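Structure file final28.txt (compact mmCIF, C-alpha atoms) follows.
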# COMPACT_ATOMS: atom_id res chain seq x y z
CA MET A 392 21.88 173.24 124.58
CA LYS A 393 20.67 170.13 122.80
CA LEU A 394 17.69 172.01 121.36
CA ILE A 395 19.91 174.84 120.20
CA LEU A 396 22.15 172.42 118.33
CA GLU A 397 19.09 170.71 116.86
CA LEU A 398 17.79 174.05 115.58
CA PHE A 399 21.15 174.91 114.13
CA PHE A 400 21.48 171.61 112.28
CA SER A 401 17.87 171.58 111.08
CA PHE A 402 18.26 174.98 109.44
CA PHE A 403 21.77 174.16 108.24
CA LYS A 404 20.29 171.18 106.42
CA ILE A 405 17.50 173.32 104.94
CA GLY A 406 20.04 175.93 103.81
CA ALA A 407 22.37 173.34 102.32
CA PHE A 408 19.81 171.31 100.39
CA THR A 409 17.17 173.73 99.10
CA PHE A 410 17.48 175.95 96.07
CA GLY A 411 15.82 179.14 94.89
CA ALA A 412 13.80 181.90 96.46
CA GLY A 413 12.19 181.65 99.91
CA TYR A 414 8.94 180.24 98.56
CA ALA A 415 10.71 177.19 97.18
CA MET A 416 12.01 176.39 100.67
CA ILE A 417 8.70 176.36 102.48
CA PRO A 418 7.73 172.73 101.82
CA MET A 419 11.17 171.64 103.05
CA ILE A 420 10.97 173.82 106.18
CA GLU A 421 7.44 172.58 106.89
CA LYS A 422 8.53 168.97 106.58
CA GLU A 423 11.42 169.45 108.97
CA VAL A 424 9.73 171.71 111.52
CA VAL A 425 6.13 170.42 111.54
CA GLU A 426 6.33 166.77 110.51
CA LYS A 427 9.72 165.64 111.73
CA LYS A 428 10.49 167.73 114.80
CA LYS A 429 6.87 168.55 115.72
CA TRP A 430 7.80 172.02 116.93
CA PHE A 431 4.60 173.47 115.42
CA GLU A 432 1.04 172.58 114.55
CA ARG A 433 0.63 172.95 110.79
CA GLU A 434 -1.98 175.73 111.05
CA ASP A 435 0.04 177.65 113.60
CA PHE A 436 3.10 177.39 111.37
CA TYR A 437 1.29 178.87 108.35
CA ASP A 438 -0.32 181.55 110.50
CA ARG A 439 3.09 182.77 111.57
CA PHE A 440 4.52 182.29 108.14
CA THR A 441 2.02 184.81 106.76
CA LEU A 442 3.49 187.38 109.13
CA ALA A 443 7.02 186.36 108.16
CA GLN A 444 6.11 187.23 104.58
CA SER A 445 5.02 190.72 105.56
CA ALA A 446 8.30 191.43 107.36
CA PRO A 447 11.30 192.79 105.43
CA GLY A 448 14.31 190.59 104.69
CA PRO A 449 14.72 187.05 103.32
CA PHE A 450 11.63 184.88 104.05
CA SER A 451 13.71 181.91 105.03
CA LEU A 452 15.55 183.89 107.72
CA ASN A 453 12.28 185.37 109.01
CA THR A 454 10.98 181.81 109.25
CA ALA A 455 14.16 180.73 111.05
CA VAL A 456 13.56 183.52 113.59
CA PHE A 457 9.98 182.55 114.47
CA VAL A 458 10.73 178.83 114.60
CA GLY A 459 13.92 179.33 116.63
CA HIS A 460 12.17 181.67 119.04
CA LYS A 461 9.28 179.28 119.63
CA VAL A 462 11.65 176.41 120.43
CA LYS A 463 14.29 178.15 122.51
CA GLY A 464 13.78 181.93 122.72
CA LEU A 465 16.38 184.42 121.47
CA PRO A 466 19.30 181.95 121.53
CA GLY A 467 17.17 179.56 119.49
CA ALA A 468 16.42 182.27 116.91
CA LEU A 469 20.11 183.14 116.64
CA ALA A 470 21.08 179.47 116.20
CA ALA A 471 18.44 178.93 113.50
CA VAL A 472 19.48 182.04 111.55
CA LEU A 473 23.16 181.12 111.79
CA GLY A 474 22.38 177.61 110.60
CA ALA A 475 20.31 178.90 107.67
CA VAL A 476 22.97 181.39 106.54
CA LEU A 477 26.15 179.37 106.95
CA PRO A 478 25.80 176.94 103.98
CA SER A 479 25.03 179.85 101.59
CA PHE A 480 27.89 181.86 102.93
CA LEU A 481 30.49 179.07 102.65
CA ILE A 482 29.42 177.79 99.23
CA ILE A 483 29.15 181.24 97.64
CA LEU A 484 32.45 182.34 99.11
CA LEU A 485 34.15 179.30 97.62
CA ILE A 486 32.61 180.06 94.22
CA ALA A 487 33.31 183.79 94.39
CA VAL A 488 36.97 183.22 95.23
CA TYR A 489 37.60 180.53 92.62
CA LEU A 490 35.29 181.77 89.86
CA GLY A 491 36.82 185.25 90.17
CA GLY A 492 38.87 184.95 86.99
CA TYR A 493 36.07 183.38 84.96
CA LYS A 494 35.93 186.27 82.50
CA ASP A 495 39.26 185.03 81.09
CA ASN A 496 37.81 181.63 80.27
CA PRO A 497 35.98 181.74 76.91
CA THR A 498 33.78 178.72 77.72
CA VAL A 499 32.53 180.21 80.98
CA ALA A 500 31.97 183.57 79.26
CA SER A 501 29.83 181.87 76.56
CA ALA A 502 27.90 179.96 79.20
CA PHE A 503 27.02 183.22 80.96
CA LYS A 504 25.97 184.74 77.63
CA GLY A 505 23.38 181.97 77.46
CA ILE A 506 22.41 182.27 81.12
CA ARG A 507 21.71 186.04 81.16
CA PRO A 508 18.51 185.90 79.05
CA ALA A 509 17.39 182.96 81.20
CA VAL A 510 17.79 185.11 84.33
CA VAL A 511 15.47 187.74 82.83
CA ALA A 512 12.86 185.01 82.25
CA LEU A 513 13.40 183.62 85.74
CA ILE A 514 12.46 186.98 87.29
CA ALA A 515 9.88 188.04 84.67
CA VAL A 516 7.70 184.94 85.09
CA PRO A 517 7.08 185.31 88.87
CA PHE A 518 6.45 189.01 88.18
CA LEU A 519 3.80 188.23 85.57
CA LYS A 520 2.16 185.62 87.79
CA MET A 521 2.07 188.03 90.73
CA LEU A 522 0.76 190.82 88.47
CA TRP A 523 -2.02 188.52 87.30
CA ARG A 524 -3.24 187.98 90.86
CA LEU A 525 -3.62 191.73 91.54
CA GLY A 526 -6.72 193.85 90.86
CA TRP A 527 -6.83 196.26 87.90
CA TRP A 528 -5.72 199.39 89.76
CA ALA A 529 -2.99 197.50 91.56
CA ARG A 530 -1.76 196.12 88.23
CA ILE A 531 -1.47 199.63 86.80
CA ALA A 532 0.31 200.77 89.97
CA ALA A 533 2.74 197.84 89.78
CA LEU A 534 3.58 198.58 86.14
CA ALA A 535 4.08 202.26 86.98
CA VAL A 536 6.41 201.28 89.85
CA ALA A 537 8.41 198.97 87.56
CA ALA A 538 8.79 201.75 84.97
CA ALA A 539 9.67 204.42 87.55
CA VAL A 540 12.29 202.25 89.29
CA CYS A 541 13.87 200.85 86.16
CA CYS A 542 13.63 203.72 83.67
CA LEU A 543 13.67 206.81 85.89
CA GLY A 544 15.95 205.40 88.59
CA VAL A 545 13.48 206.19 91.40
CA SER A 546 14.45 204.36 94.60
CA PRO A 547 11.87 201.70 95.51
CA ILE A 548 12.36 202.74 99.14
CA TYR A 549 10.39 206.00 98.66
CA LEU A 550 7.60 204.15 96.87
CA LEU A 551 7.38 201.53 99.66
CA LEU A 552 7.26 204.27 102.31
CA ALA A 553 4.60 206.23 100.41
CA ALA A 554 2.46 203.10 99.97
CA ALA A 555 2.82 202.20 103.66
CA VAL A 556 1.77 205.70 104.78
CA ILE A 557 -1.24 205.76 102.46
CA GLY A 558 -2.16 202.22 103.55
CA VAL A 559 -2.09 203.16 107.24
CA ILE A 560 -4.14 206.34 106.66
CA VAL A 561 -6.75 204.49 104.61
CA ALA A 562 -6.96 201.69 107.19
CA MET A 563 -7.36 204.07 110.13
CA TYR A 564 -9.52 206.82 108.69
CA GLY A 565 -10.99 205.34 105.52
CA LYS A 566 -14.73 204.80 105.08
CA MET B 745 35.60 203.73 103.67
CA ILE B 746 34.03 201.22 101.32
CA TYR B 747 33.24 198.69 104.07
CA LEU B 748 31.06 201.11 105.99
CA GLN B 749 29.31 202.23 102.78
CA LEU B 750 28.70 198.63 101.74
CA PHE B 751 27.32 197.77 105.16
CA LEU B 752 24.96 200.78 105.15
CA SER B 753 23.82 200.01 101.59
CA TYR B 754 23.07 196.43 102.52
CA LEU B 755 21.22 197.52 105.66
CA LYS B 756 18.97 199.58 103.39
CA ILE B 757 18.53 196.65 101.02
CA GLY B 758 17.63 194.37 103.93
CA PHE B 759 15.29 196.67 105.84
CA PHE B 760 13.34 197.60 102.72
CA GLY B 761 13.54 194.08 101.33
CA PHE B 762 9.80 193.53 101.35
CA GLY B 763 8.53 190.86 98.99
CA GLY B 764 11.44 188.42 99.06
CA GLY B 765 14.64 187.78 97.12
CA TYR B 766 13.50 188.91 93.68
CA ALA B 767 12.12 192.20 94.95
CA MET B 768 15.43 192.76 96.76
CA ILE B 769 17.25 192.56 93.43
CA SER B 770 15.73 195.91 92.41
CA LEU B 771 17.09 197.43 95.63
CA ILE B 772 20.53 195.93 94.96
CA GLN B 773 20.35 197.34 91.44
CA ASN B 774 19.44 200.76 92.79
CA GLU B 775 22.08 200.87 95.55
CA ILE B 776 25.02 198.85 94.24
CA VAL B 777 24.76 199.39 90.47
CA THR B 778 23.08 202.79 89.93
CA ARG B 779 24.03 204.76 93.03
CA HIS B 780 27.54 203.52 93.85
CA ALA B 781 28.47 201.89 90.50
CA TRP B 782 30.37 199.16 92.37
CA LEU B 783 29.11 196.52 89.93
CA SER B 784 27.77 196.57 86.38
CA SER B 785 24.27 195.36 85.59
CA SER B 786 25.56 192.26 83.80
CA GLN B 787 27.86 191.43 86.73
CA LEU B 788 24.81 191.52 88.98
CA ALA B 789 22.88 189.33 86.53
CA ASP B 790 25.69 186.76 86.72
CA ILE B 791 25.63 186.91 90.52
CA VAL B 792 21.86 186.32 90.51
CA ALA B 793 22.32 183.35 88.18
CA VAL B 794 24.97 181.76 90.42
CA SER B 795 22.80 182.47 93.48
CA GLN B 796 19.94 180.64 91.84
CA MET B 797 22.09 177.62 90.99
CA THR B 798 23.62 177.17 94.43
CA PRO B 799 21.76 175.97 97.53
CA GLY B 800 20.41 178.46 100.06
CA PRO B 801 18.10 181.49 99.89
CA ILE B 802 18.78 183.73 96.86
CA ALA B 803 18.85 186.87 99.01
CA VAL B 804 21.58 185.46 101.27
CA ASN B 805 23.59 184.04 98.37
CA CYS B 806 23.43 187.40 96.60
CA ALA B 807 24.53 189.26 99.73
CA THR B 808 27.61 187.06 100.21
CA TYR B 809 28.52 187.30 96.52
CA VAL B 810 27.91 191.05 96.17
CA GLY B 811 29.90 191.69 99.36
CA TYR B 812 32.84 189.77 97.97
CA SER B 813 32.63 191.26 94.46
CA VAL B 814 32.45 194.85 95.68
CA THR B 815 35.36 194.66 98.12
CA GLY B 816 37.32 191.65 96.88
CA THR B 817 37.62 190.45 100.46
CA VAL B 818 35.94 187.97 102.80
CA LEU B 819 35.25 190.84 105.22
CA GLY B 820 32.96 192.40 102.58
CA SER B 821 31.05 189.12 102.34
CA ILE B 822 30.68 188.89 106.10
CA LEU B 823 29.43 192.49 106.40
CA ALA B 824 26.82 192.20 103.62
CA THR B 825 25.59 188.82 104.87
CA PHE B 826 25.39 190.09 108.44
CA ALA B 827 23.46 193.18 107.28
CA VAL B 828 20.90 191.02 105.51
CA CYS B 829 20.36 189.00 108.73
CA LEU B 830 19.58 192.09 110.81
CA PRO B 831 15.99 192.77 109.68
CA PRO B 832 14.89 189.22 110.58
CA LEU B 833 16.70 189.44 113.91
CA THR B 834 15.17 192.81 114.82
CA ILE B 835 11.86 193.36 113.00
CA MET B 836 10.76 189.73 112.75
CA MET B 837 11.89 189.20 116.33
CA SER B 838 9.67 192.09 117.48
CA ILE B 839 6.76 190.70 115.47
CA VAL B 840 7.22 187.34 117.20
CA LEU B 841 7.40 188.96 120.65
CA PHE B 842 4.24 191.00 120.08
CA TYR B 843 2.56 188.34 117.99
CA ASN B 844 -0.88 188.66 119.52
CA LYS B 845 -0.96 192.44 119.17
CA VAL B 846 0.44 192.47 115.65
CA ARG B 847 -1.55 189.59 114.20
CA ASN B 848 -4.76 191.50 113.65
CA ASN B 849 -3.40 195.02 113.59
CA LYS B 850 -5.48 197.07 111.16
CA ALA B 851 -2.80 199.66 110.36
CA MET B 852 -0.18 197.03 109.58
CA LYS B 853 -2.56 195.09 107.37
CA GLY B 854 -3.47 198.30 105.53
CA ALA B 855 0.18 199.20 104.98
CA ILE B 856 1.04 195.72 103.66
CA SER B 857 -1.91 195.62 101.28
CA TRP B 858 -0.89 198.95 99.75
CA MET B 859 2.76 197.86 99.57
CA LYS B 860 1.91 194.71 97.59
CA PRO B 861 1.70 196.39 94.16
CA VAL B 862 5.01 198.16 94.91
CA MET B 863 6.68 194.81 95.77
CA CYS B 864 5.30 193.39 92.52
CA GLY B 865 6.58 196.41 90.59
CA MET B 866 10.02 195.99 92.20
CA ILE B 867 10.24 192.46 90.79
CA GLY B 868 9.20 193.82 87.40
CA ALA B 869 11.91 196.49 87.62
CA ALA B 870 14.51 193.82 88.41
CA ALA B 871 13.51 191.88 85.28
CA LEU B 872 13.49 195.03 83.12
CA SER B 873 16.87 196.20 84.38
CA PHE B 874 18.50 192.93 83.27
CA ALA B 875 16.79 193.11 79.87
CA ASN B 876 19.49 195.40 78.47
CA PRO B 877 21.68 195.25 75.32
CA GLU B 878 24.36 193.37 77.28
CA THR B 879 21.85 190.57 77.87
CA PHE B 880 20.10 190.59 74.50
CA VAL B 881 23.10 190.63 72.20
CA ASP B 882 21.35 189.07 69.19
CA PHE B 883 18.30 187.07 68.12
CA LYS B 884 19.75 183.92 69.73
CA SER B 885 19.53 185.45 73.20
CA PHE B 886 15.93 186.47 72.48
CA GLY B 887 15.30 182.84 71.55
CA ILE B 888 16.72 181.62 74.87
CA PHE B 889 14.57 184.16 76.74
CA ILE B 890 11.35 183.14 74.97
CA ALA B 891 12.06 179.42 75.38
CA CYS B 892 12.80 179.87 79.11
CA THR B 893 9.67 181.98 79.67
CA ALA B 894 7.48 179.36 78.01
CA ALA B 895 9.20 176.53 79.92
CA LEU B 896 8.72 178.33 83.26
CA PHE B 897 5.01 178.78 82.60
CA CYS B 898 4.93 175.01 82.02
CA LYS B 899 6.58 174.58 85.45
CA VAL B 900 9.94 173.31 84.21
CA ASP B 901 12.51 173.35 87.03
CA SER B 902 14.46 176.63 87.06
CA MET B 903 17.79 174.96 87.89
CA LEU B 904 17.46 172.71 84.86
CA LEU B 905 16.70 175.77 82.70
CA ILE B 906 19.84 177.58 83.84
CA ALA B 907 21.93 174.49 83.10
CA LEU B 908 20.36 174.17 79.63
CA SER B 909 20.86 177.88 78.88
CA ALA B 910 24.49 177.60 79.92
CA LEU B 911 24.86 174.69 77.51
CA ALA B 912 23.07 176.68 74.79
CA GLY B 913 25.47 179.57 75.42
CA ILE B 914 28.51 177.33 75.06
CA LEU B 915 27.18 175.81 71.83
CA LEU B 916 25.93 179.06 70.24
CA TYR B 917 28.66 181.57 71.10
Would it be possible to restate this file's structure as structure tokens?
Amino acid sequence: MKLILELFFSFFKIGAFTFGAGYAMIPMIEKEVVEKKKWFEREDFYDRFTLAQSAPGPFSLNTAVFVGHKVKGLPGALAAVLGAVLPSFLIILLIAVYLGGYKDNPTVASAFKGIRPAVVALIAVPFLKMLWRLGWWARIAALAVAAAVCCLGVSPIYLLLAAAVIGVIVAMYGK
Amino acid sequence: MIYLQLFLSYLKIGFFGFGGGYAMISLIQNEIVTRHAWLSSSQLADIVAVSQMTPGPIAVNCATYVGYSVTGTVLGSILATFAVCLPPLTIMMSIVLFYNKVRNNKAMKGAISWMKPVMCGMIGAAALSFANPETFVDFKSFGIFIACTAALFCKVDSMLLIALSALAGILLY
């Protein structure tokens, strides 16, 4: 029971004090899980983290699952996920409920007018960096996917499934 | 039955949410904005901005906020947040249980390597979908975009940038 509470509070702390996408949280999770609590060897942690990145869903929750499971099995995984989610849930709910009528406030409306172009940049820059790391054919494919999803309204789900099927076939029967 | 629809939509968003929070935004756009028209594109952009500014993973913050905005109730928040936790608790859990078999699985590696460009394209689609006339109202908003892009390439903190853009918005509009 003590370990379960420890897992819960460790991930609660990570959820409450880190900002941004999953990647931004990794140093914080590593510090807590590897250095402070010594639940993992560093190499082992990154080995599993690579798999967590290939699984669907938020990275941070996938990480919570593998750390929680290693420490205390299924109950540990549940406690870690609950701890990671709860701060987000409570803070956002508070904001959503009280910021609900923000459209009426001219200052808040102007602030969001300034923020919207920043959001485009915030997503476009990781996209460009990721695009840069791909090979030439993959770059063309990524641009085609972006155009198809955004301009033609194609669901990314079909494209993911098609890519997965081709990938499996090539891996099994290629060469 | 909007609650059931929201839950199913968010299950889809979660289970195909390969590539992290930003890639998931294109799925949210596709399901919540285009298909069901529960939110407008600029409403979603505002939700993403708030999710970035508040602590916690963006994907979870977005789920809680979208769930509330679509239904106007706490139950909607709970359902969407719960749905986004299910892929980690099922798929990641299975990966952990069969770790040694999965780790060097050729088929899985092949699938992931072919899915990478799609994940990248999904992030690109999310950026493009927010780059609409509601976002770029005049040359000033283009200025904010270009300044932010340059600053991000110089590794300026994204939270600071959002705060500065909010200030710029208040001063300019």
Can you write out as a tab-separated table which residues of range 541-566 of chain A fall within 10 Å of range 751-772 of chain B, alongside each residue's closest atom pair and its distance in Å to one decimal, counting all atoms listed in the file and ordering rows by chain and ascending residue number?
residue	atom	partner	partner_atom	distance
A:Cys541	CA	B:Ser770	CA	8.2
A:Ser546	CA	B:Leu771	CA	7.5
A:Pro547	CA	B:Leu771	CA	6.7
A:Ile548	CA	B:Phe760	CA	6.3
A:Tyr549	CA	B:Phe760	CA	9.8
A:Leu551	CA	B:Phe760	CA	7.8
A:Leu552	CA	B:Phe760	CA	9.0
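Take the candidates B:Gln787, B:Thr808, B:Asn848, B:Thr817 and check each one against chain A using only C-alpha atoms; the shortest distance goes to B:Thr808.
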Proximity of range 747-863 of chain B to range 889-903 of chain B: per-residue shortest pair, 10 Å limit, all atoms listed in the file, as CSV:
residue,atom,partner,partner_atom,distance
B:Ala793,CA,B:Met903,CA,9.5
B:Gln796,CA,B:Met903,CA,7.2
B:Met797,CA,B:Met903,CA,5.9
B:Thr798,CA,B:Met903,CA,9.0
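Comparing the minimum interatomic distances between chain B and each of A:Phe431, A:Phe518, A:Phe436, A:Trp523, counting all atoms listed in the file, we find that A:Phe518 sits nearest.
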message = For a quick check of understanding, using all atoms listed in the file, which of B:Leu750, B:Val881, B:Ala803, B:Ala870 has the smallest distance to Gly913 in chain B?
response = B:Val881
query = Separation of CA of Gly459 in chain A and CA of Pro418 in chain A, in Å?
reply =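 These two atoms are separated by 17.4 Å.
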Computed interatomic separation between CA of Arg524 in chain A and CA of Gly411 in chain A (Å) = 21.4 Å
query = Looking at B:Asn774, B:Asn876, B:Ser838, B:Asn849, which one is nearest to chain A, with distances taken over all atoms listed in the file?
reply = B:Asn774
Non-local contacts of Val488 in chain A (10 Å; all atoms listed in the file; under 5 positions in same chain excluded) as an mmCIF file with C-alpha atoms, in the frame of the given file:
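Output below, filename selection-v9.cif:
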data_model
loop_
_atom_site.group_PDB
_atom_site.id
_atom_site.type_symbol
_atom_site.label_atom_id
_atom_site.label_comp_id
_atom_site.auth_asym_id
_atom_site.auth_seq_id
_atom_site.Cartn_x
_atom_site.Cartn_y
_atom_site.Cartn_z
ATOM 1 C CA ILE A 483 29.150 181.240 97.640
ATOM 2 C CA TYR B 809 28.520 187.300 96.520
ATOM 3 C CA TYR B 812 32.840 189.770 97.970
ATOM 4 C CA SER B 813 32.630 191.260 94.460
ATOM 5 C CA GLY B 816 37.320 191.650 96.880
ATOM 6 C CA THR B 817 37.620 190.450 100.460
ATOM 7 C CA VAL B 818 35.940 187.970 102.800
#
Here's a test: counting only C-alpha atoms, identify every protein, DNA and RNA residue with an atom at most 12 Å from (3.0, 180.9, 104.9) in the file's coordinate frame, and state them as a tab-separated table (two decimals) with C-alpha atoms, in the frame of the given file.
chain	number	residue	atom	x	y	z
A	413	GLY	CA	12.19	181.65	99.91
A	414	TYR	CA	8.94	180.24	98.56
A	415	ALA	CA	10.71	177.19	97.18
A	416	MET	CA	12.01	176.39	100.67
A	417	ILE	CA	8.70	176.36	102.48
A	418	PRO	CA	7.73	172.73	101.82
A	420	ILE	CA	10.97	173.82	106.18
A	421	GLU	CA	7.44	172.58	106.89
A	433	ARG	CA	0.63	172.95	110.79
A	434	GLU	CA	-1.98	175.73	111.05
A	435	ASP	CA	0.04	177.65	113.60
A	436	PHE	CA	3.10	177.39	111.37
A	437	TYR	CA	1.29	178.87	108.35
A	438	ASP	CA	-0.32	181.55	110.50
A	439	ARG	CA	3.09	182.77	111.57
A	440	PHE	CA	4.52	182.29	108.14
A	441	THR	CA	2.02	184.81	106.76
A	442	LEU	CA	3.49	187.38	109.13
A	443	ALA	CA	7.02	186.36	108.16
A	444	GLN	CA	6.11	187.23	104.58
A	445	SER	CA	5.02	190.72	105.56
A	450	PHE	CA	11.63	184.88	104.05
A	451	SER	CA	13.71	181.91	105.03
A	453	ASN	CA	12.28	185.37	109.01
A	454	THR	CA	10.98	181.81	109.25
A	457	PHE	CA	9.98	182.55	114.47
Build an axis-aligned box that encloses every atom of range 748-757 of chain B listed in the file, pad it by 3 Å on each side, and report its centre and edge lengths in Å to one decimal, as lines of an AutoDock Vina configuration file.
center_x = 24.8
center_y = 199.3
center_z = 103.5
size_x = 18.5
size_y = 11.8
size_z = 11.0
key: Distance query 9 Å from (19.2, 194.2, 80.8) using all atoms listed in the file, result as JSON, numbers by chain   = {"A": [507, 508, 511], "B": [785, 786, 789, 870, 871, 872, 873, 874, 875, 876, 877, 878, 879, 880]}
query = Which residue out of B:Cys829, B:Ile867, B:Met852, B:Leu916 has the minimum interatomic distance to Ala471 in chain A when only C-alpha atoms are used?
reply = B:Cys829
key: Between CA of Ala807 in chain B and CA of Glu423 in chain A, distance in Å (one decimal)   =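 Separation between CA of Ala807 in chain B and CA of Glu423 in chain A: 25.5 Å.
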